[in-house]
Amino acid sequence: MGGLEKRKYERGSATNYITRNKARKKLQLSLADFRRLCILKGIYPHEPKHKKKVNKGSTAARTFYLVKDIRFLLHEPIVSKFREYKVFVRKLRKAYGKSEWGTVERLKDNKPHYKLDHVVKERYPTFVDALRDLDDALSMCFLFSTFPRTGKCHVQTIQLCRRLAVEFLHYVIAARALRKVFLSIKGIYYQAEVLGQPIVWVTPYAFSHDHPTDVDYRVMATFTEFYTTLLGFVNFRLYQSLNLRYPPKLEEDLAHAASKTREDAYALESESSMEKLAALSASLARVVVPAEEEEAQLDEFPADSEPAAQEERQQELAAQEQHKKLFEGLRFFLNREVPREALAFVIRSFGGEVSWDKSVCIGAAYDATHPGITHQVVDRPGQQTPILGRSYVQPQWVFDSVNARLLLPVADYFPGVQLPPHLSPFVTEKEGDYVPPEKLKLLALQRGEQPGDEEEEEEDSEVGEPEDEEEEAEAGEEEEEEEEEEEQQEEARLRALEEQRLEGKKPRVLAGTVTLEDKQRLAREEESEARRLAIMTMRKREKYLYNKIMFGKRRRTREANKLAEKRKAHDEAVRAEKKAKRAGSL
Amino acid sequence: MAGARGTRNAEAATARPGKRLADPEPELEPEHEPERDEAGPPSSRTEVVSTQDEDEYAEDSSDEEDVRNTVGNVPLEWYDDFPHVGYDLDGKRIYKPLRTRDELDQFLDKIDDPDYWRTVQDRMTGRDMRLTDEQMALVQRLQRGQFGDVNFNPYEPSVDFFSGDLMIHPVTNRPADKRSFIPSLLEKEKVSRMVHAIKMGWIQPRRPRDSTPHFYDLWAQEDPNAVLGRHKMHVPAPKLALPGHAESYNPPPEYLPSEEERLAWEQQEPEERKLNFLPRRFPSLRAVPAYSRFIHERFERCLDLYLCPRQRKMRVNVDPEDLIPKLPRPRDLQPFPTCQALVYRGHNDLVRCISVSPGGQWLVSGSDDGSVRFWEVATARCMRTVTVGGVVKSVAWNPHPTICLVAAAVEDTVLLLNPGLGDRLVVGSTDQLLSAFTPPEEPTLQPARWLEASEKEQQDSLRLRICHSKPVTQVTWHGRGDYMAVVLAAQGHTQVLIHQLSRRRSQSPFRRSHGQVQHVAFHPTRPFLFVASQRSVRLYHLLRQELTKKLMPNCKWVSSMAVHPAGDNIICGSYDSKLVWFDLDLSTKPYKVLRHHKKALRAVAFHPRYPLFASGSDDGSVIVCHGMVYNDLLQNPLLVPVKVLKGHTLTRDLGVLDVTFHPTQPWVFSSGSDSTVRLFT
C-alpha cells in the first residue's frame, strides 16, 4: 500500500479534457486570439463521454478541449506572432499619439506577419487529406470573390479569392473533372471528382449581397485566410499534375508574349490577362504539350475478381469517358440574360465551345451570327428571329443534360415552354424511398429505352400547331381518357422496368399473394403472432432500439406515401384543368 | 428702434418654435396665398400688414413704447403669478390682457382668423401680435440656416495677408541667425553615425515587401505515416448534407409546400424546422433571385466548424430482424389453450376467485355479489348457487379426490361447503368424514372457532364454518386435503393460520411477522410452506419449524404466487406488472423476470401436468407461457410465451382477477371483473 492517495478527478477522463477558459489562460491569449488560433489550427471542442465526470461533478454547460490539443498549441509559432502583433499595435498607438510619423512608417513596414504554410502541411499530411476537406474552402472562396471590393474585408483577400477560384475552375475544365451540377434556390452546386475524391461546392447567384448585420465577418475572414492558403497550395499541386503552368497563362497570351506584336490598349497587361482568364473561354498553356492525350489503360486483373464485376467496372469507366466528352463538337452561344460564368464553365468542362456577345464580357470567341453555332442558350422568349440550323434552349437543358449524362431532347427546353422539373443529381433513391416520375423517365432514357414517345409527340403537336388541336378536340373525351390510361400504363410500365432492373441486382422479397385458401392466411397470422410474442420477450434495451428503428422506417414510408399522394392529386388537378380547357375551347 | 423690436419679436417667435412656426403649415402657406387673397374676405393680409405698417409709424413714440414694456431687464417668469406686467409712469400696474379663452375659442380663432398661423404672443406685454412679411422672411431665413441679413454676402473674395507678390519691404526686418550660415554639428554627428552603421552593415536598405502569397509544391515529400499524435483523436468535420429535390429552383410539384405546410413552417422555430428553406418554384432561371441567407449559412457552417463539440458516435446499423430473439415456434410447443371456448355467465358482480374440482368436472367461483356458484365445466351450466352474504375473497376445492369439499373465505369466516356434486359415494363419504369428528374432552385454546352448521344451513350445503377474529383474504389446501392454510388481513404474527380438518384444530405457526402476507402455498410434496409478503417470499420447513429460504423477487408488491407441481420452481406475479420465475436450486434471485403484461398482475397459475403457466392481469389479457422444467439439473428452465388470450372486458380498471388451469386438460379458466368466467381451450 504505498504511494500517495489519488484524489477524485485527478485521473481518468477528467485529466484528458480542459475547459475553454483554462485553455485560454494556459496559452495566455485573449478570447479573440484564442478563437483565431483554433480556427487556423483546426482545433475544435470535444464532447466527453461522461460530461459530469469531466466537469468534476458539476453539470454546468461548458465546452471542453482535449488537453493534448491545447498542449499542441503551446508550441505554435503563430502564438508568438499574435503576441508580437499586440505589441506592434501598442507601439503604433503610442507613435500616433506622439505624432512621430517616421516611427509610424517604420513600424508599419515592420508589421509582424505570419505564414500558414506549415499549418496546412500539419493539418493535411497528405494531398488527399487536403482534397477531402476542400468543400468548405471552395464555397468560402467563391463567396468571398463575389463580395464588393469595398467595406467588409481587405481588397487583397477578395482579389486573392477570385484568383484562386478562377484557377480552380480552370483546373476542373482542363481535367474534365466536373460531374454534377444543380441549380438550387440557394445557389449553384457543383460536384467535381479530383483524384477520386468528390468535391462539392456552392456558388451564390451573381447578385450583390445585402450584408447581414448579425454575422461576424472577422470569423469568416480568419477562415478565409486559412482557406486561401490551402487552396493556393492545392491549386499548385493540381496544375502540376496536369503539366499546366502555374500561375496560369492562356495559350494565346503566351503566343502574344513571344511575338510581342500586338499592343494591348485595353488595360494593364496583368489586369487584362486576369480578366481573360476569368472569362473561362480559352484553354491554358501547358509546360510540356503532350503529343497525344494518353489515357492510362485499365489493366486486366484476371484473378482478383469475378469477370462480371470487372466488366461492370469497365462499362462504368467507358460511360465516364463518354460523359466527359458530352458537349464535344457542339458550339454554344450565350445570350446576355443567362448566367455566363456558370454556363461557360459547365459547357467548357464537357468539351463544348462557348461564346457570348462581345459587350457582355471579354474573351468572346465568335459572335451570334457564326454559322457553326449548334445551340443558343436563351432565357427570354420571343427576342430574336430564329436562325435555322441551331437549337434554341433554356439554360436548364445544359444542366439537365450534364446530370443525365446524355444530350436530352431539346423539345422540352424550347424558350417559353414550361420546363420539366429540375431534379437534384445528388439524391440516390434507396428501396422504399419516393422516386419522382421524372426520375423514372430519366432512368429509362439512360438505359436506352424510349418511354413516352407518343406523349411527347402529342406535346409537340400541341406546342407547334395550336389550330391542329382544335380539330383534334372533336375527338373529345374518349381520346382524353385514352391518354390518361396511356399515362397510367406508362407509369406502370416504367415502374415495372425499374423493378426488373433492380431484380437483377439484389434478392427481393416476394409479396405474399392473398388467396382464398384459409390455410395460408392462418399460417401468416400464426407467423405474425409468433413474431409479436418474440418481440414481447425482448430485453428492454433491445426493444427500445427495435421500436426506434421501426419508428424511423414507418416515418420514412409515411413521408414517401405523402409525396406520392401529393403528386397524384397534382396530376389529377392538371388533367382536370386540361380537360376543362378543352371543353371551353370546344 | 423698430428694427430692434422686430428682432426681439423674431427671437420670441423662434424661442417657441413648437407652437406655431414650426408647423409645416407656415411653410406651405405662401403657396396658397394668392388663392386665399382672391377668395377671402376684404380683411386680407396685405391690407392688414399695410395698416399695421401705418400704425407702426403712427405709434412710433417713446411714450407708447414705455407703456408697452416697463419691466426692464428682468426675467419675465417673475411676473408669472401676477396679473400685471410692470408699472406705468403713474405707478399703476399695467395689466396683462385677459386670457380667458379656452381651447374651443382658440380653435375657432384658428379656423376663422386667416392670420392665426403668424400670430405670436409677445411675452413682454402678453399681447398677441401678428408678424409682418419681413419678420416672416427673417424667421424663415434663420430656420434655413441662412444669414439674417439679406444683403450679407458670405462669399466675398478674401484678401490674403501673405500674397504671392514680392513686396519691396520685408514683413520682419530681423537679421538671419548665425546658425543659418554654418553647417550643423549635430547633423554631422548623426550622419556620420549612420554612415558608420551602413558601413558596418547594421543598417540595410528595406526590402520591398511582396504581399502576394507564394505557393509551391507543399506535398512534394508527403509522408502518409507522419500522422501526429493528436490525429488519433481527430474527428473530421461532417460534410454538409447534399441538396435534395426540394431545393431545386424548379422542383417537382409534390415537393412544393401546401398552404398549411407553409404556415406550419413559418410558425416553427428556426431550429426545429426540417428544411431551413421553403421550396419555391420559378418559371425560368432568369427569375431566380439571390438567396438572402447565403452568407448566414456559410457563417453558421464556420461556427459549426470551430465551436461545435465533436464526438464520435457509433451508429447502430442493425437489421431489426436480428434483434428479435429466436424462439421455438409455438406450434412445436403445443398443446396449450388457443381460443375462448365457453363463457360462464350468472354472477352480478366481479368474480374474484375460481377453483376446479380435482376431477376436472366442476368449477366453483366466488363473487362480490355474495354468492358462490358451482358450474359444470363442459356445459357452462350453473349447477348450484349458494348465497353466503358477503364478498367471497377466495375459494379452494379440496384437492383430495375422495373428498368433495370446498373452502370459501367470506369476511372473517371460512366456510366449508359440500356441494353434493358428482359421485354420490364421494359426497356421502365426505359428510361421514365430517361427522366422524368427536370433540376432545378438554377443548384447547384455539385462534379460531369451529362451528357446525345448522340443519337449515346443512340443506344449503354448508357443513362447517371456521370463525376468525379478522377478515380472511386467502384459503388454500394442502395436497393431501387435510390441512388448510388461511391468510388473515391482520397485523402481527397471526396472519397465517393452519387448520387441520380431521381434528378441527387450528394453529398459528409463526411467532413473528415479516410484513403483510399476500399469499401462501403448500409445497406439493414436501412439508414446506411458501409465504409471500410484499417484498419477499419465505420458505418455511413446517416440521423443523425453521426458515429455509428467503427469495427476493425485486418487485414493489407481490400479488400472487404459484408453485410448480414438481416443487422446485415458483412464479410470482406483482402489481408492477412483472412476473418473476424462481428456480429454488439456482439462487434466491429471480431466474427470469418477464414483463409481458402492460398492467398489474392479479393471478398466476401452473398447470399440474403440462409445462404451462398462465398469468392474468389488469390489462384484460391472460398470457399463457410454456415453462419447461428439465429433470437434468444442468439445464435451466425454458420459458416461451405461446399465447395471449383476450376476452375479458375492462370494468372499473380491472381485468382478469383469477386464473386457474384444468387439472387434466390444457385448458385455462379465467375470471374477470366483467362478472364472467371464461374457459380457453
# chains A, B, ... in the order shown; residues from 1 in each chain; ligands from 1

call {"tool": "interface_residues", "arguments": {"of": "chain B", "to": "chain A", "cutoff": "7 Å", "atoms": "only C-alpha atoms", "output": "number ranges by chain"}}
result
B: 215-219, 222-224, 226-227, 230, 242-245, 247-254, 286, 290-291, 294, 296, 299, 302, 306-311, 320, 323-325, 327, 329-330, 596, 641-642

call {"tool": "residues_around", "arguments": {"residues": "B:His400", "least_positions_apart": "3", "cutoff": "7 Å", "atoms": "only C-alpha atoms", "output": "ChimeraX atom specification"}}
result
/B:358,403,479-481

call {"tool": "write_last_selection", "arguments": {"atoms": "N, CA, C and O atoms", "output": "tab-separated table (two decimals), in the first residue's frame"}}
result
chain	number	residue	atom	x	y	z
B	358	PRO	N	-60.91	-31.59	-8.28
B	358	PRO	CA	-59.76	-32.41	-8.67
B	358	PRO	C	-60.06	-33.32	-9.87
B	358	PRO	O	-59.16	-33.66	-10.63
B	403	ILE	N	-62.71	-36.63	-1.52
B	403	ILE	CA	-63.44	-35.67	-0.69
B	403	ILE	C	-64.03	-34.62	-1.60
B	403	ILE	O	-63.35	-34.14	-2.51
B	479	GLY	N	-51.92	-30.58	-0.35
B	479	GLY	CA	-52.17	-31.57	-1.39
B	479	GLY	C	-52.95	-32.79	-0.89
B	479	GLY	O	-53.72	-33.38	-1.64
B	480	ARG	N	-52.78	-33.14	0.38
B	480	ARG	CA	-53.49	-34.33	0.89
B	480	ARG	C	-54.94	-34.00	1.23
B	480	ARG	O	-55.76	-34.89	1.41
B	481	GLY	N	-55.24	-32.77	1.43
B	481	GLY	CA	-56.63	-32.40	1.68
B	481	GLY	C	-57.01	-32.35	3.14
B	481	GLY	O	-58.18	-32.15	3.46

call {"tool": "residues_around", "arguments": {"residues": "stretch 502-505 of chain B", "least_positions_apart": "5", "cutoff": "7 Å", "atoms": "only C-alpha atoms", "output": "mmCIF file with N, CA, C and O atoms, in the first residue's frame"}}
result
data_model
loop_
_atom_site.group_PDB
_atom_site.id
_atom_site.type_symbol
_atom_site.label_atom_id
_atom_site.label_comp_id
_atom_site.auth_asym_id
_atom_site.auth_seq_id
_atom_site.Cartn_x
_atom_site.Cartn_y
_atom_site.Cartn_z
ATOM 1 N N PHE B 437 -66.117 -36.633 13.502
ATOM 2 C CA PHE B 437 -65.300 -35.907 14.488
ATOM 3 C C PHE B 437 -65.947 -35.968 15.871
ATOM 4 O O PHE B 437 -67.139 -35.719 16.019
ATOM 5 N N TRP B 450 -64.432 -23.375 15.562
ATOM 6 C CA TRP B 450 -65.044 -24.245 14.555
ATOM 7 C C TRP B 450 -66.501 -24.409 14.902
ATOM 8 O O TRP B 450 -66.839 -24.857 15.983
ATOM 9 N N ASP B 482 -56.079 -32.517 4.044
ATOM 10 C CA ASP B 482 -56.428 -32.478 5.458
ATOM 11 C C ASP B 482 -56.109 -31.119 6.064
ATOM 12 O O ASP B 482 -56.839 -30.618 6.923
#

call {"tool": "residues_around", "arguments": {"residues": "stretch 91-99 of chain B", "least_positions_apart": "2", "cutoff": "8 Å", "atoms": "only C-alpha atoms", "output": "VMD selection string"}}
result
chain B and resid 67 83 to 89 101 125 to 127

call {"tool": "write_last_selection", "arguments": {"atoms": "C-alpha atoms", "output": "PDB file, in the first residue's frame"}}
result
ATOM      1  CA  VAL B  67     -46.415 101.846 -21.840  1.00  0.00           C
ATOM      2  CA  PRO B  83     -51.982  89.679 -13.238  1.00  0.00           C
ATOM      3  CA  HIS B  84     -49.809  92.578 -14.369  1.00  0.00           C
ATOM      4  CA  VAL B  85     -46.517  93.201 -16.109  1.00  0.00           C
ATOM      5  CA  GLY B  86     -44.590  96.211 -14.755  1.00  0.00           C
ATOM      6  CA  TYR B  87     -45.917  99.658 -13.859  1.00  0.00           C
ATOM      7  CA  ASP B  88     -46.628 102.763 -15.872  1.00  0.00           C
ATOM      8  CA  LEU B  89     -45.411 106.231 -15.175  1.00  0.00           C
ATOM      9  CA  ARG B 101     -60.076  81.994 -23.882  1.00  0.00           C
ATOM     10  CA  THR B 125     -46.568  92.543 -22.812  1.00  0.00           C
ATOM     11  CA  GLY B 126     -48.572  89.378 -23.008  1.00  0.00           C
ATOM     12  CA  ARG B 127     -50.339  90.584 -26.140  1.00  0.00           C
TER      13      ARG B 127
END

call {"tool": "select_by_dssp", "arguments": {"residues": "stretch 300-339 of chain A", "states": "alpha helix (DSSP H)", "output": "VMD selection string"}}
result
chain A and resid 307 to 324

call {"tool": "closest_residue", "arguments": {"among": "A:Leu443, A:Ala365, A:Val354, A:Val119", "to": "A:Glu225", "atoms": "only C-alpha atoms"}}
result
A:Val119

call {"tool": "select_by_dssp", "arguments": {"residues": "stretch 256-393 of chain B", "states": "strand (DSSP E)", "output": "VMD selection string"}}
result
chain B and resid 340 to 345 351 to 356 362 to 367 371 to 376 381 to 387 392 to 393

call {"tool": "write_last_selection", "arguments": {"atoms": "C-alpha atoms", "output": "compact mmCIF listing (two decimals), in the first residue's frame"}}
result
# COMPACT_ATOMS: atom_id res chain seq x y z
CA GLN B 340 -62.01 -18.94 -25.98
CA ALA B 341 -64.41 -21.86 -25.72
CA LEU B 342 -67.02 -21.12 -23.07
CA VAL B 343 -68.26 -18.20 -21.04
CA TYR B 344 -69.88 -18.85 -17.66
CA ARG B 345 -72.40 -16.13 -17.01
CA VAL B 351 -65.72 -12.71 -9.87
CA ARG B 352 -62.79 -12.72 -7.51
CA CYS B 353 -61.83 -16.34 -7.35
CA ILE B 354 -62.32 -19.66 -9.08
CA SER B 355 -61.28 -23.22 -8.41
CA VAL B 356 -61.65 -26.51 -10.28
CA TRP B 362 -66.85 -28.91 -11.70
CA LEU B 363 -65.88 -25.36 -11.28
CA VAL B 364 -66.56 -23.13 -8.31
CA SER B 365 -66.47 -19.36 -8.41
CA GLY B 366 -66.87 -16.74 -5.73
CA SER B 367 -68.02 -13.26 -6.44
CA SER B 371 -72.67 -15.88 -3.80
CA VAL B 372 -70.68 -18.97 -4.60
CA ARG B 373 -71.66 -20.70 -7.81
CA PHE B 374 -70.92 -24.20 -8.93
CA TRP B 375 -70.67 -24.87 -12.66
CA GLU B 376 -70.35 -27.84 -14.85
CA ARG B 381 -74.33 -24.73 -16.65
CA CYS B 382 -74.69 -23.29 -13.20
CA MET B 383 -75.43 -26.33 -11.01
CA ARG B 384 -75.84 -24.58 -7.74
CA THR B 385 -75.78 -21.18 -6.18
CA VAL B 386 -75.01 -20.70 -2.51
CA THR B 387 -75.65 -17.29 -1.08
CA VAL B 392 -66.10 -14.11 -1.32
CA LYS B 393 -62.40 -13.43 -1.25

call {"tool": "atom_distance", "arguments": {"atom1": "atom CA of B:Cys467", "atom2": "atom CA of B:Asp412"}}
result
6.2 Å

call {"tool": "residues_around", "arguments": {"residues": "B:Lys470", "least_positions_apart": "3", "cutoff": "10 Å", "atoms": "only C-alpha atoms", "output": "list of chain:residue names"}}
result
B:Glu411, B:Asp412, B:Thr413, B:Ala448, B:Cys467, B:Thr473, B:Val487, B:Leu488, B:Ala489, B:Ala490, B:Gln491, B:Thr494, B:Gln495

call {"tool": "closest_residue", "arguments": {"among": "A:Asp367, A:Glu431, A:Glu271, A:Glu491", "to": "A:Arg556", "atoms": "only C-alpha atoms"}}
result
A:Glu431

call {"tool": "residues_around", "arguments": {"residues": "B:Thr119", "least_positions_apart": "6", "cutoff": "8 Å", "atoms": "only C-alpha atoms", "output": "list in words"}}
result
Asp128, Met129, Arg130 and Leu131 of chain B

call {"tool": "write_last_selection", "arguments": {"atoms": "N, CA, C and O atoms", "output": "PDB file, in the first residue's frame"}}
result
ATOM      1  N   ASP B 128     -51.082  89.466 -28.087  1.00  0.00           N
ATOM      2  CA  ASP B 128     -50.873  88.768 -29.366  1.00  0.00           C
ATOM      3  C   ASP B 128     -50.425  89.772 -30.391  1.00  0.00           C
ATOM      4  O   ASP B 128     -50.906  90.908 -30.394  1.00  0.00           O
ATOM      5  N   MET B 129     -49.527  89.369 -31.200  1.00  0.00           N
ATOM      6  CA  MET B 129     -49.171  90.257 -32.303  1.00  0.00           C
ATOM      7  C   MET B 129     -48.898  89.472 -33.559  1.00  0.00           C
ATOM      8  O   MET B 129     -48.534  88.294 -33.523  1.00  0.00           O
ATOM      9  N   ARG B 130     -49.128  90.131 -34.645  1.00  0.00           N
ATOM     10  CA  ARG B 130     -49.055  89.485 -35.936  1.00  0.00           C
ATOM     11  C   ARG B 130     -47.698  89.774 -36.541  1.00  0.00           C
ATOM     12  O   ARG B 130     -47.197  90.891 -36.447  1.00  0.00           O
ATOM     13  N   LEU B 131     -47.086  88.801 -37.136  1.00  0.00           N
ATOM     14  CA  LEU B 131     -45.756  89.022 -37.724  1.00  0.00           C
ATOM     15  C   LEU B 131     -45.913  89.629 -39.095  1.00  0.00           C
ATOM     16  O   LEU B 131     -46.793  89.230 -39.873  1.00  0.00           O
TER      17      LEU B 131
END

call {"tool": "residues_around", "arguments": {"residues": "B:Phe107", "least_positions_apart": "5", "cutoff": "12 Å", "atoms": "only C-alpha atoms", "output": "list in words"}}
result
Arg101, Asp102, Asp112, Asp113, Tyr116 and Trp117 of chain B

call {"tool": "closest_residue", "arguments": {"among": "B:Arg465, B:Lys550, B:Arg602, B:His169", "to": "B:Ser533", "atoms": "only C-alpha atoms"}}
result
B:Lys550
